[in-house]
file target-v9.json (JSON, C-alpha atoms)
[["chain", "number", "residue", "atom", "x", "y", "z"],
["U", 1, "MET", "CA", -66.22, -2.65, -26.14],
["U", 2, "SER", "CA", -64.93, -5.61, -24.16],
["U", 3, "ALA", "CA", -63.10, -5.35, -20.84],
["U", 4, "ILE", "CA", -59.99, -6.56, -22.59],
["U", 5, "GLY", "CA", -60.15, -3.68, -25.01],
["U", 6, "LEU", "CA", -60.50, -1.16, -22.16],
["U", 7, "ARG", "CA", -57.47, -2.50, -20.28],
["U", 8, "ALA", "CA", -54.58, -0.03, -20.25],
["U", 9, "PRO", "CA", -51.36, -1.16, -21.87],
["U", 10, "VAL", "CA", -48.70, -2.39, -19.49],
["U", 11, "ALA", "CA", -45.82, 0.09, -19.28],
["U", 12, "PRO", "CA", -42.29, -1.23, -19.25],
["U", 13, "ALA", "CA", -40.55, -1.25, -15.89],
["U", 14, "ALA", "CA", -38.93, 2.08, -15.15],
["U", 15, "GLY", "CA", -35.18, 2.06, -15.49],
["U", 16, "LEU", "CA", -33.52, -1.00, -14.00],
["U", 17, "ARG", "CA", -36.09, -1.79, -11.33],
["U", 18, "GLY", "CA", -37.82, -4.47, -13.37],
["U", 19, "PRO", "CA", -34.66, -6.35, -14.46],
["U", 20, "ILE", "CA", -33.23, -6.10, -10.95],
["U", 21, "ARG", "CA", -36.36, -7.60, -9.39],
["U", 22, "VAL", "CA", -36.24, -10.47, -11.88],
["U", 23, "LEU", "CA", -32.55, -10.97, -11.16],
["U", 24, "LEU", "CA", -33.18, -11.11, -7.40],
["U", 25, "ARG", "CA", -35.85, -13.77, -7.88],
["U", 26, "GLN", "CA", -33.60, -15.84, -10.14],
["U", 27, "HIS", "CA", -30.60, -15.78, -7.83],
["U", 28, "ARG", "CA", -32.16, -15.37, -4.39],
["U", 29, "ARG", "CA", -30.41, -18.53, -3.15],
["U", 30, "SER", "CA", -27.04, -17.11, -4.14],
["U", 31, "VAL", "CA", -27.87, -13.84, -2.35],
["U", 32, "TRP", "CA", -28.79, -15.74, 0.80],
["U", 33, "ALA", "CA", -25.62, -17.81, 0.55],
["U", 34, "ALA", "CA", -23.51, -14.65, 0.22],
["U", 35, "GLY", "CA", -25.27, -13.16, 3.25],
["U", 36, "ALA", "CA", -24.58, -16.34, 5.22],
["U", 37, "LEU", "CA", -20.87, -16.15, 4.31],
["U", 38, "LEU", "CA", -20.77, -12.54, 5.50],
["U", 39, "VAL", "CA", -22.39, -13.43, 8.82],
["U", 40, "LEU", "CA", -20.00, -16.37, 9.20],
["U", 41, "GLY", "CA", -16.97, -14.14, 8.61],
["U", 42, "ILE", "CA", -18.17, -11.61, 11.16],
["U", 43, "ALA", "CA", -18.93, -14.36, 13.68],
["U", 44, "ILE", "CA", -15.42, -15.84, 13.29],
["U", 45, "VAL", "CA", -13.69, -12.50, 13.96],
["U", 46, "VAL", "CA", -15.94, -11.68, 16.92],
["U", 47, "GLY", "CA", -15.56, -15.21, 18.28],
["U", 48, "LEU", "CA", -11.76, -15.00, 18.12],
["U", 49, "ARG", "CA", -11.71, -11.73, 20.03],
["U", 50, "ILE", "CA", -14.11, -13.09, 22.67],
["U", 51, "ARG", "CA", -12.01, -16.24, 23.09],
["U", 52, "VAL", "CA", -8.86, -14.16, 23.59],
["U", 53, "ALA", "CA", -10.65, -11.99, 26.17],
["U", 54, "VAL", "CA", -11.88, -15.05, 28.08],
["U", 55, "ALA", "CA", -8.39, -16.60, 28.07],
["U", 56, "SER", "CA", -6.80, -13.37, 29.32],
["U", 57, "SER", "CA", -7.18, -14.58, 32.90],
["U", 58, "ASP", "CA", -4.29, -16.98, 32.21],
["U", 59, "GLU", "CA", -2.00, -14.17, 31.05],
["U", 60, "LEU", "CA", 0.50, -13.01, 33.65],
["U", 61, "CYS", "CA", 1.82, -9.97, 31.74],
["U", 62, "ALA", "CA", 0.32, -7.04, 29.87],
["U", 63, "ASP", "CA", 1.72, -8.34, 26.56],
["U", 64, "GLY", "CA", -0.19, -11.63, 26.88],
["U", 65, "ASP", "CA", 2.71, -13.72, 28.19],
["U", 66, "ILE", "CA", 1.71, -16.71, 30.31],
["U", 67, "THR", "CA", 5.24, -17.18, 31.67],
["U", 68, "ARG", "CA", 6.99, -15.04, 34.27],
["U", 69, "CYS", "CA", 7.27, -11.41, 33.20],
["U", 70, "GLY", "CA", 10.71, -10.17, 32.24],
["U", 71, "ASP", "CA", 12.37, -13.61, 32.07],
["U", 72, "GLY", "CA", 13.32, -13.17, 28.42],
["U", 73, "SER", "CA", 10.81, -15.73, 27.10],
["U", 74, "TYR", "CA", 7.35, -15.25, 25.66],
["U", 75, "MET", "CA", 4.50, -17.71, 25.33],
["U", 76, "PRO", "CA", 0.94, -16.62, 24.46],
["U", 77, "THR", "CA", -2.25, -18.45, 25.32],
["U", 78, "SER", "CA", -3.54, -20.95, 22.77],
["U", 79, "ALA", "CA", -6.48, -18.60, 22.14],
["U", 80, "ARG", "CA", -4.19, -15.68, 21.28],
["U", 81, "ALA", "CA", -1.95, -17.84, 19.07],
["U", 82, "ALA", "CA", -4.97, -19.22, 17.21],
["U", 83, "ALA", "CA", -6.45, -15.75, 16.72],
["U", 84, "GLU", "CA", -3.18, -14.45, 15.30],
["U", 85, "GLY", "CA", -2.99, -17.42, 12.95],
["U", 86, "TYR", "CA", -6.52, -17.00, 11.62],
["U", 87, "LEU", "CA", -6.36, -13.21, 11.31],
["U", 88, "SER", "CA", -3.04, -13.37, 9.45],
["U", 89, "GLY", "CA", -4.93, -14.80, 6.47],
["U", 90, "GLY", "CA", -7.73, -12.22, 6.33],
["U", 91, "GLY", "CA", -6.39, -10.53, 3.20],
["U", 92, "THR", "CA", -6.09, -13.87, 1.43],
["U", 93, "VAL", "CA", -9.71, -14.68, 2.28],
["U", 94, "VAL", "CA", -10.83, -11.32, 0.88],
["U", 95, "LEU", "CA", -9.01, -11.99, -2.40],
["U", 96, "LEU", "CA", -10.58, -15.45, -2.65],
["U", 97, "LEU", "CA", -14.03, -13.97, -2.04],
["U", 98, "ALA", "CA", -13.40, -11.40, -4.77],
["U", 99, "ALA", "CA", -12.36, -14.18, -7.16],
["U", 100, "LEU", "CA", -15.53, -16.13, -6.33],
["U", 101, "ILE", "CA", -17.61, -13.04, -7.10],
["U", 102, "GLY", "CA", -15.95, -12.67, -10.48],
["U", 103, "VAL", "CA", -16.39, -16.34, -11.32],
["U", 104, "PHE", "CA", -20.07, -16.23, -10.32],
["U", 105, "VAL", "CA", -20.74, -13.16, -12.47],
["U", 106, "ALA", "CA", -18.87, -14.67, -15.42],
["U", 107, "GLY", "CA", -20.67, -17.99, -15.17],
["U", 108, "PRO", "CA", -24.17, -18.32, -13.69],
["U", 109, "LEU", "CA", -25.08, -14.63, -13.86],
["U", 110, "ILE", "CA", -24.21, -13.72, -17.46],
["U", 111, "ALA", "CA", -22.48, -16.35, -19.60],
["U", 112, "ARG", "CA", -25.00, -19.08, -18.84],
["U", 113, "GLU", "CA", -27.87, -16.96, -20.16],
["U", 114, "LEU", "CA", -25.91, -15.96, -23.24],
["U", 115, "GLU", "CA", -24.94, -19.57, -23.91],
["U", 116, "SER", "CA", -28.42, -20.99, -23.41],
["U", 117, "GLY", "CA", -30.22, -18.16, -25.20],
["U", 118, "THR", "CA", -32.56, -17.30, -22.30],
["U", 119, "PHE", "CA", -31.46, -13.66, -22.55],
["U", 120, "ARG", "CA", -33.80, -13.29, -25.55],
["U", 121, "LEU", "CA", -36.82, -13.62, -23.26],
["U", 122, "ALA", "CA", -35.77, -10.54, -21.28],
["U", 123, "TRP", "CA", -34.85, -8.57, -24.37],
["U", 124, "ALA", "CA", -38.26, -9.32, -25.86],
["U", 125, "GLN", "CA", -39.97, -7.70, -22.85],
["U", 126, "SER", "CA", -38.92, -4.07, -23.41],
["U", 127, "VAL", "CA", -35.52, -4.62, -21.76],
["U", 128, "SER", "CA", -32.61, -3.47, -23.91],
["U", 129, "PRO", "CA", -29.31, -5.37, -23.95],
["U", 130, "ALA", "CA", -27.66, -2.45, -22.12],
["U", 131, "GLN", "CA", -30.32, -2.52, -19.37],
["U", 132, "TRP", "CA", -29.99, -6.28, -19.11],
["U", 133, "LEU", "CA", -26.24, -6.06, -18.53],
["U", 134, "ALA", "CA", -26.51, -2.97, -16.31],
["U", 135, "ALA", "CA", -28.87, -4.81, -13.96],
["U", 136, "ARG", "CA", -26.38, -7.68, -13.72],
["U", 137, "LEU", "CA", -23.68, -5.23, -12.75],
["U", 138, "ALA", "CA", -25.57, -2.73, -10.58],
["U", 139, "LEU", "CA", -27.19, -5.18, -8.17],
["U", 140, "PRO", "CA", -24.05, -7.23, -7.43],
["U", 141, "ALA", "CA", -22.00, -4.02, -7.19],
["U", 142, "ALA", "CA", -24.31, -2.59, -4.53],
["U", 143, "LEU", "CA", -24.43, -5.83, -2.54],
["U", 144, "VAL", "CA", -20.68, -6.41, -2.83],
["U", 145, "THR", "CA", -19.80, -2.86, -1.80],
["U", 146, "ALA", "CA", -22.01, -3.02, 1.28],
["U", 147, "GLY", "CA", -20.91, -6.52, 2.28],
["U", 148, "MET", "CA", -17.18, -5.92, 1.80],
["U", 149, "THR", "CA", -17.35, -2.64, 3.69],
["U", 150, "VAL", "CA", -18.90, -4.33, 6.71],
["U", 151, "LEU", "CA", -16.39, -7.19, 6.50],
["U", 152, "VAL", "CA", -13.42, -4.80, 6.34],
["U", 153, "LEU", "CA", -14.63, -2.79, 9.34],
["U", 154, "VAL", "CA", -15.10, -5.93, 11.43],
["U", 155, "TYR", "CA", -11.76, -7.35, 10.34],
["U", 156, "ARG", "CA", -9.93, -4.11, 11.15],
["U", 157, "TRP", "CA", -11.49, -4.19, 14.62],
["U", 158, "GLY", "CA", -10.32, -7.76, 15.18],
["U", 159, "TRP", "CA", -6.88, -7.17, 13.68],
["U", 160, "SER", "CA", -6.16, -3.93, 15.58],
["U", 161, "GLY", "CA", -6.87, -5.57, 18.90],
["U", 162, "MET", "CA", -4.32, -8.32, 18.20],
["U", 163, "GLN", "CA", -1.74, -6.31, 16.25],
["U", 164, "SER", "CA", -1.21, -3.88, 19.13],
["U", 165, "ASN", "CA", 0.60, -6.67, 20.99],
["U", 166, "PRO", "CA", 4.37, -6.15, 20.44],
["U", 167, "HIS", "CA", 4.87, -9.92, 20.23],
["U", 168, "ALA", "CA", 2.18, -10.50, 17.58],
["U", 169, "SER", "CA", 3.57, -12.43, 14.63],
["U", 170, "GLY", "CA", 2.46, -12.22, 11.00],
["U", 171, "LEU", "CA", 0.08, -9.32, 11.59],
["U", 172, "GLY", "CA", 2.05, -6.46, 10.02],
["U", 173, "TRP", "CA", -0.06, -4.04, 8.00],
["U", 174, "TYR", "CA", 2.15, -4.69, 4.97],
["U", 175, "GLU", "CA", 1.78, -8.49, 4.87],
["U", 176, "ASN", "CA", 0.17, -9.86, 1.71],
["U", 177, "GLY", "CA", -2.18, -11.89, 3.87],
["U", 178, "ILE", "CA", -3.27, -8.77, 5.77],
["U", 179, "HIS", "CA", -3.07, -5.63, 3.62],
["U", 180, "PRO", "CA", -5.94, -6.28, 1.15],
["U", 181, "ALA", "CA", -8.45, -6.66, 4.00],
["U", 182, "LEU", "CA", -7.61, -3.49, 5.89],
["U", 183, "GLY", "CA", -9.13, -0.82, 3.66],
["U", 184, "PRO", "CA", -10.92, 0.11, 0.45],
["U", 185, "THR", "CA", -8.77, -2.19, -1.67],
["U", 186, "ALA", "CA", -11.03, -5.05, -0.55],
["U", 187, "VAL", "CA", -14.03, -3.34, -2.16],
["U", 188, "ALA", "CA", -11.96, -2.40, -5.22],
["U", 189, "TYR", "CA", -10.85, -6.00, -5.77],
["U", 190, "ALA", "CA", -14.46, -7.19, -5.55],
["U", 191, "LEU", "CA", -15.64, -4.56, -8.04],
["U", 192, "LEU", "CA", -12.78, -5.41, -10.40],
["U", 193, "ALA", "CA", -13.74, -9.07, -10.17],
["U", 194, "LEU", "CA", -17.33, -8.15, -11.01],
["U", 195, "ALA", "CA", -16.24, -6.13, -14.05],
["U", 196, "VAL", "CA", -13.75, -8.72, -15.32],
["U", 197, "GLY", "CA", -16.36, -11.45, -14.95],
["U", 198, "ALA", "CA", -18.85, -9.45, -17.01],
["U", 199, "LEU", "CA", -16.29, -8.70, -19.73],
["U", 200, "CYS", "CA", -15.18, -12.32, -20.02],
["U", 201, "ALA", "CA", -18.80, -13.49, -20.13],
["U", 202, "VAL", "CA", -19.95, -11.20, -22.97],
["U", 203, "ALA", "CA", -16.73, -11.76, -24.89],
["U", 204, "VAL", "CA", -16.55, -15.57, -24.63],
["U", 205, "ARG", "CA", -20.25, -16.47, -24.12],
["U", 206, "ARG", "CA", -19.33, -19.89, -22.72],
["U", 207, "THR", "CA", -19.95, -20.58, -19.04],
["U", 208, "VAL", "CA", -16.98, -22.72, -18.07],
["U", 209, "LEU", "CA", -14.53, -20.90, -20.33],
["U", 210, "SER", "CA", -15.66, -17.51, -19.01],
["U", 211, "MET", "CA", -15.25, -18.63, -15.42],
["U", 212, "SER", "CA", -11.76, -20.02, -16.11],
["U", 213, "LEU", "CA", -10.64, -16.89, -17.95],
["U", 214, "THR", "CA", -11.96, -14.67, -15.16],
["U", 215, "ALA", "CA", -10.07, -16.64, -12.52],
["U", 216, "LEU", "CA", -6.88, -16.44, -14.62],
["U", 217, "VAL", "CA", -7.10, -12.67, -15.11],
["U", 218, "LEU", "CA", -7.91, -11.97, -11.47],
["U", 219, "GLY", "CA", -5.18, -14.29, -10.24],
["U", 220, "THR", "CA", -2.64, -12.49, -12.42],
["U", 221, "VAL", "CA", -3.70, -9.06, -11.13],
["U", 222, "MET", "CA", -3.68, -10.15, -7.48],
["U", 223, "LEU", "CA", -0.32, -11.85, -7.80],
["U", 224, "GLY", "CA", 1.14, -8.81, -9.55],
["U", 225, "PHE", "CA", 0.05, -6.40, -6.82],
["U", 226, "GLY", "CA", 1.27, -8.78, -4.14],
["U", 227, "LYS", "CA", 4.73, -8.85, -5.71],
["U", 228, "ARG", "CA", 5.04, -5.14, -6.57],
["U", 229, "ARG", "CA", 2.88, -3.37, -3.97],
["U", 230, "TYR", "CA", 5.92, -1.79, -2.36],
["U", 231, "GLU", "CA", 6.50, 0.22, -5.56],
["U", 232, "LEU", "CA", 3.18, 2.05, -5.30],
["U", 233, "TRP", "CA", 4.65, 4.73, -3.04],
["U", 234, "PRO", "CA", 8.21, 6.09, -2.63],
["U", 235, "THR", "CA", 10.16, 4.51, 0.21],
["U", 236, "VAL", "CA", 11.95, 6.32, 3.03],
["U", 237, "ARG", "CA", 15.73, 5.91, 3.36],
["U", 238, "PHE", "CA", 17.52, 5.63, 6.68],
["U", 239, "LEU", "CA", 21.30, 6.09, 6.75],
["U", 240, "GLY", "CA", 23.25, 4.21, 9.43],
["U", 241, "ASN", "CA", 23.40, 0.69, 10.81],
["U", 242, "ASP", "CA", 21.10, 1.14, 13.81],
["U", 243, "TRP", "CA", 17.73, 1.18, 12.01],
["U", 244, "SER", "CA", 14.96, -0.38, 14.03],
["U", 245, "SER", "CA", 11.20, -0.17, 13.61],
["U", 246, "SER", "CA", 8.78, -2.92, 14.56],
["U", 247, "ASN", "CA", 5.87, -1.53, 12.54],
["U", 248, "ALA", "CA", 7.71, -0.58, 9.35],
["U", 249, "TRP", "CA", 7.88, -2.47, 6.07],
["U", 250, "HIS", "CA", 11.53, -3.26, 5.38],
["U", 251, "ILE", "CA", 12.19, -3.22, 1.63],
["U", 252, "GLU", "CA", 15.95, -3.44, 1.12],
["U", 253, "SER", "CA", 19.21, -2.60, 2.84],
["U", 254, "GLY", "CA", 22.94, -2.61, 2.27],
["U", 255, "MET", "CA", 25.63, 0.04, 1.74],
["U", 256, "LEU", "CA", 26.08, 3.05, -0.51],
["U", 257, "THR", "CA", 29.28, 3.77, -2.42],
["U", 258, "ALA", "CA", 30.81, 7.24, -2.73],
["U", 259, "SER", "CA", 28.92, 7.70, -6.01],
["U", 260, "GLY", "CA", 25.60, 6.70, -4.42],
["U", 261, "LYS", "CA", 25.40, 3.23, -5.98],
["U", 262, "LYS", "CA", 23.55, 0.70, -3.83],
["U", 263, "ILE", "CA", 25.18, -2.58, -2.82],
["U", 264, "TYR", "CA", 22.77, -5.08, -1.30],
["U", 265, "TRP", "CA", 23.25, -7.62, 1.47],
["U", 266, "GLN", "CA", 21.81, -10.38, -0.66],
["U", 267, "ASP", "CA", 24.55, -9.91, -3.24],
["U", 268, "CYS", "CA", 27.10, -10.98, -0.64],
["U", 269, "PHE", "CA", 24.86, -13.79, 0.58],
["U", 270, "ARG", "CA", 24.61, -15.19, -2.94],
["U", 271, "ALA", "CA", 28.38, -14.96, -3.31],
["U", 272, "GLY", "CA", 28.79, -17.09, -0.18],
["U", 273, "ALA", "CA", 30.72, -14.43, 1.74],
["U", 274, "GLU", "CA", 31.19, -15.30, 5.41],
["U", 275, "ASP", "CA", 31.72, -11.67, 6.49],
["U", 276, "THR", "CA", 29.03, -9.70, 4.67],
["U", 277, "ALA", "CA", 30.14, -6.36, 6.12],
["U", 278, "ASN", "CA", 33.65, -6.75, 4.68],
["U", 279, "CYS", "CA", 32.11, -7.99, 1.44],
["U", 280, "LEU", "CA", 30.12, -4.75, 1.12],
["U", 281, "ARG", "CA", 33.12, -2.59, 1.96],
["U", 282, "ASN", "CA", 35.32, -4.44, -0.52],
["U", 283, "GLN", "CA", 32.85, -3.42, -3.22],
["U", 284, "GLY", "CA", 33.18, 0.25, -2.26],
["U", 285, "GLY", "CA", 30.46, 0.54, 0.37],
["U", 286, "ILE", "CA", 30.96, 3.38, 2.83],
["U", 287, "THR", "CA", 27.52, 4.07, 4.40],
["U", 288, "TYR", "CA", 24.79, 1.67, 5.55],
["U", 289, "PHE", "CA", 21.27, 2.34, 4.25],
["U", 290, "THR", "CA", 17.80, 0.93, 4.76],
["U", 291, "ASP", "CA", 14.83, 1.62, 2.47],
["U", 292, "TYR", "CA", 11.46, 1.06, 4.13],
["U", 293, "HIS", "CA", 7.81, 2.07, 4.30],
["U", 294, "PRO", "CA", 6.80, 3.53, 7.69],
["U", 295, "ALA", "CA", 3.34, 2.84, 9.05],
["U", 296, "SER", "CA", 2.25, 6.28, 7.77],
["U", 297, "HIS", "CA", 2.51, 4.91, 4.21],
["U", 298, "PHE", "CA", -0.35, 2.49, 4.78],
["U", 299, "TRP", "CA", -3.08, 4.81, 3.50],
["U", 300, "PRO", "CA", -1.17, 6.18, 0.49],
["U", 301, "ILE", "CA", -0.41, 2.64, -0.67],
["U", 302, "GLN", "CA", -4.02, 1.57, -0.04],
["U", 303, "LEU", "CA", -5.47, 4.51, -1.95],
["U", 304, "VAL", "CA", -3.11, 4.20, -4.92],
["U", 305, "GLU", "CA", -3.87, 0.50, -5.26],
["U", 306, "THR", "CA", -7.59, 1.18, -4.91],
["U", 307, "GLY", "CA", -7.45, 3.86, -7.61],
["U", 308, "ILE", "CA", -5.68, 1.54, -10.05],
["U", 309, "LEU", "CA", -8.13, -1.29, -9.39],
["U", 310, "LEU", "CA", -11.16, 0.96, -9.85],
["U", 311, "ALA", "CA", -9.71, 2.36, -13.08],
["U", 312, "LEU", "CA", -9.23, -1.20, -14.38],
["U", 313, "ALA", "CA", -12.79, -2.04, -13.30],
["U", 314, "ALA", "CA", -14.19, 0.99, -15.13],
["U", 315, "LEU", "CA", -12.24, 0.01, -18.26],
["U", 316, "ALA", "CA", -13.52, -3.57, -18.08],
["U", 317, "VAL", "CA", -17.14, -2.38, -17.71],
["U", 318, "ALA", "CA", -16.80, 0.00, -20.66],
["U", 319, "LEU", "CA", -15.35, -2.80, -22.81],
["U", 320, "ALA", "CA", -18.14, -5.19, -21.73],
["U", 321, "PHE", "CA", -20.85, -2.76, -22.86],
["U", 322, "ARG", "CA", -19.00, -2.07, -26.09],
["U", 323, "VAL", "CA", -18.70, -5.78, -26.90],
["U", 324, "LEU", "CA", -22.36, -6.33, -26.07],
["U", 325, "ARG", "CA", -23.41, -3.35, -28.22],
["U", 326, "ARG", "CA", -21.36, -4.48, -31.21],
["U", 327, "ARG", "CA", -22.84, -7.98, -31.08],
["U", 328, "HIS", "CA", -26.45, -7.17, -30.24],
["U", 329, "GLY", "CA", -26.94, -3.49, -30.97]]
call {"tool": "encode", "arguments": {"input": "target-v9.json", "output": "structure tokens"}}
result
Amino acid sequence: MSAIGLRAPVAPAAGLRGPIRVLLRQHRRSVWAAGALLVLGIAIVVGLRIRVAVASSDELCADGDITRCGDGSYMPTSARAAAEGYLSGGGTVVLLLAALIGVFVAGPLIARELESGTFRLAWAQSVSPAQWLAARLALPAALVTAGMTVLVLVYRWGWSGMQSNPHASGLGWYENGIHPALGPTAVAYALLALAVGALCAVAVRRTVLSMSLTALVLGTVMLGFGKRRYELWPTVRFLGNDWSSSNAWHIESGMLTASGKKIYWQDCFRAGAEDTANCLRNQGGITYFTDYHPASHFWPIQLVETGILLALAALAVALAFRVLRRRHG
């Protein structure tokens, strides 16, 4: 019997290890590029904090003022002002990164293979369609979760050091340009982008169209949460006209009538009233009110948003496998 006849048959790769190794070889440049972006983001945050610390020798007051303390004016160092400006867009950067992840998964990772037909080579080598798709979801999900977690921790460190300054501008925890980068919602957005990209790819099977549809869906979701995030958790109501809180998220204010109906300041502004207080009273207002989210609502809002995003991601993944199964068995 020949040596060829004695050779043991080659067993298929166990589980997803084989497809994942192939996927890493195919897209190793993209993995390195993503790692470089992560290192760059970390370096920017650390660099900003170091620059602020170096420039602190020019600050004459504990709050970072470079003018005379207690004179009623405030002027930060250029390093502090630049750091506040860059950090105020951290949440926006996280959302853009999530969108890029979704577009990459929809295009080069899945749709391109379906469009060109190269997926048949993998399926002919003891890799089922479900394993093929699972590998293209599992590997990016693991890398994205780890990378986003590190990025969020570093960003929170940089943000907290600047936000503690009472004169910091644009760094409130509730700002749309801040909130998504401060907690698990950053990871949830990335995983949703991954799932939506996969669903669009297996449903459309065209690279450019899948990428465009993914960007449209993700943009709609992100915009929707940015507009309605304040509704994710019940607000707190303060009665009186002396409400003041520098770290609270002001939602709406005005006056209450005897029946409890709310009359808003903006209604009088739109009507062109010169004396808004009299305008509110003329409409039956008797008690001032302010609805707001205190700083303690940060985590409830974060966790509710994260839960919704992960539920949408799970739904998108389930639909992607169902579409793939119906088309390819």
call {"tool": "residues_around", "arguments": {"input": "target-v9.json", "residues": "Arg325 in chain U", "least_positions_apart": "4", "cutoff": "12 Å", "atoms": "all atoms listed in the file", "output": "ChimeraX atom specification"}}
result
/U:128-133,202-203,318-321,329
call {"tool": "closest_residue", "arguments": {"input": "target-v9.json", "among": "U:Cys200, U:Ala311, U:Ala186, U:Ala138", "to": "Leu97 in chain U", "atoms": "only C-alpha atoms"}}
result
U:Ala186
call {"tool": "atom_distance", "arguments": {"input": "target-v9.json", "atom1": "CA of Ala53 in chain U", "atom2": "CA of Thr77 in chain U"}}
result
10.6 Å
call {"tool": "atom_distance", "arguments": {"input": "target-v9.json", "atom1": "CA of Leu303 in chain U", "atom2": "CA of Trp233 in chain U"}}
result
10.2 Å
call {"tool": "atom_distance", "arguments": {"input": "target-v9.json", "atom1": "CA of His250 in chain U", "atom2": "CA of Tyr230 in chain U"}}
result
9.7 Å
call {"tool": "closest_atom_pairs", "arguments": {"input": "target-v9.json", "of": "range 120-167 of chain U", "to": "range 189-194 of chain U", "cutoff": "10 Å", "atoms": "all atoms listed in the file", "output": "JSON lines"}}
result
{"residue": "U:Arg136", "atom": "CA", "partner": "U:Leu194", "partner_atom": "CA", "distance": 9.5}
{"residue": "U:Leu137", "atom": "CA", "partner": "U:Leu194", "partner_atom": "CA", "distance": 7.2}
{"residue": "U:Ala138", "atom": "CA", "partner": "U:Leu194", "partner_atom": "CA", "distance": 9.9}
{"residue": "U:Pro140", "atom": "CA", "partner": "U:Leu194", "partner_atom": "CA", "distance": 7.7}
{"residue": "U:Ala141", "atom": "CA", "partner": "U:Leu191", "partner_atom": "CA", "distance": 6.4}
{"residue": "U:Ala142", "atom": "CA", "partner": "U:Leu191", "partner_atom": "CA", "distance": 9.6}
{"residue": "U:Val144", "atom": "CA", "partner": "U:Ala190", "partner_atom": "CA", "distance": 6.8}
{"residue": "U:Thr145", "atom": "CA", "partner": "U:Leu191", "partner_atom": "CA", "distance": 7.7}
{"residue": "U:Met148", "atom": "CA", "partner": "U:Ala190", "partner_atom": "CA", "distance": 7.9}
call {"tool": "write_last_selection", "arguments": {"input": "target-v9.json", "atoms": "C-alpha atoms", "output": "PDB file, in the frame of the given file"}}
result
ATOM      1  CA  ARG U 136     -26.380  -7.680 -13.720  1.00  0.00           C
ATOM      2  CA  LEU U 137     -23.680  -5.230 -12.750  1.00  0.00           C
ATOM      3  CA  ALA U 138     -25.570  -2.730 -10.580  1.00  0.00           C
ATOM      4  CA  PRO U 140     -24.050  -7.230  -7.430  1.00  0.00           C
ATOM      5  CA  ALA U 141     -22.000  -4.020  -7.190  1.00  0.00           C
ATOM      6  CA  ALA U 142     -24.310  -2.590  -4.530  1.00  0.00           C
ATOM      7  CA  VAL U 144     -20.680  -6.410  -2.830  1.00  0.00           C
ATOM      8  CA  THR U 145     -19.800  -2.860  -1.800  1.00  0.00           C
ATOM      9  CA  MET U 148     -17.180  -5.920   1.800  1.00  0.00           C
TER      10      MET U 148
END
call {"tool": "closest_residue", "arguments": {"input": "target-v9.json", "among": "U:Gly285, U:Gly224, U:Pro234, U:Gly41", "to": "Phe298 in chain U", "atoms": "all atoms listed in the file"}}
result
U:Pro234
call {"tool": "closest_atom_pairs", "arguments": {"input": "target-v9.json", "of": "range 23-61 of chain U", "to": "range 78-81 of chain U", "cutoff": "8 Å", "atoms": "all atoms listed in the file", "output": "Markdown table"}}
result
| residue | atom | partner | partner_atom | distance |
| --- | --- | --- | --- | --- |
| U:Leu48 | CA | U:Ala79 | CA | 7.5 |
| U:Arg51 | CA | U:Ala79 | CA | 6.1 |
| U:Val52 | CA | U:Ala79 | CA | 5.2 |
| U:Ala55 | CA | U:Ala79 | CA | 6.5 |
call {"tool": "residues_around", "arguments": {"input": "target-v9.json", "residues": "Val208 in chain U", "least_positions_apart": "5", "cutoff": "10 Å", "atoms": "only C-alpha atoms", "output": "list of chain:residue names"}}
result
U:Val103, U:Ala106, U:Gly107, U:Pro108, U:Ala111, U:Arg112, U:Ala201, U:Leu213, U:Thr214
call {"tool": "residues_around", "arguments": {"input": "target-v9.json", "residues": "range 149-160 of chain U", "least_positions_apart": "6", "cutoff": "8 Å", "atoms": "all atoms listed in the file", "output": "VMD selection string"}}
result
chain U and resid 38 41 to 42 45 to 46 48 to 49 87 90 171 181 to 184 186 to 187
call {"tool": "closest_residue", "arguments": {"input": "target-v9.json", "among": "U:Gly197, U:Gly170, U:Pro300, U:Gly219", "to": "Ser246 in chain U", "atoms": "all atoms listed in the file"}}
result
U:Gly170
call {"tool": "residues_around", "arguments": {"input": "target-v9.json", "residues": "Val31 in chain U", "least_positions_apart": "5", "cutoff": "9 Å", "atoms": "only C-alpha atoms", "output": "list in words"}}
result
Leu24, Ala36 and Leu143 of chain U
call {"tool": "build_atoms", "arguments": {"input": "target-v9.json", "residues": "range 243-248 of chain U", "atoms": "N, CA and C atoms", "output": "PDB file, in the coordinates of the input"}}
result
ATOM      1  N   TRP U 243      19.165   1.042  12.328  1.00  0.00           N
ATOM      2  CA  TRP U 243      17.730   1.180  12.010  1.00  0.00           C
ATOM      3  C   TRP U 243      16.937   0.127  12.765  1.00  0.00           C
ATOM      4  N   SER U 244      15.824   0.550  13.318  1.00  0.00           N
ATOM      5  CA  SER U 244      14.960  -0.380  14.030  1.00  0.00           C
ATOM      6  C   SER U 244      13.550   0.187  14.067  1.00  0.00           C
ATOM      7  N   SER U 245      12.608  -0.584  13.563  1.00  0.00           N
ATOM      8  CA  SER U 245      11.200  -0.170  13.610  1.00  0.00           C
ATOM      9  C   SER U 245      10.337  -1.414  13.501  1.00  0.00           C
ATOM     10  N   SER U 246       9.571  -1.687  14.534  1.00  0.00           N
ATOM     11  CA  SER U 246       8.780  -2.920  14.560  1.00  0.00           C
ATOM     12  C   SER U 246       7.548  -2.854  13.669  1.00  0.00           C
ATOM     13  N   ASN U 247       7.099  -1.652  13.321  1.00  0.00           N
ATOM     14  CA  ASN U 247       5.870  -1.530  12.540  1.00  0.00           C
ATOM     15  C   ASN U 247       6.130  -0.980  11.140  1.00  0.00           C
ATOM     16  N   ALA U 248       7.362  -1.070  10.685  1.00  0.00           N
ATOM     17  CA  ALA U 248       7.710  -0.580   9.350  1.00  0.00           C
ATOM     18  C   ALA U 248       7.896  -1.749   8.402  1.00  0.00           C
TER      19      ALA U 248
END
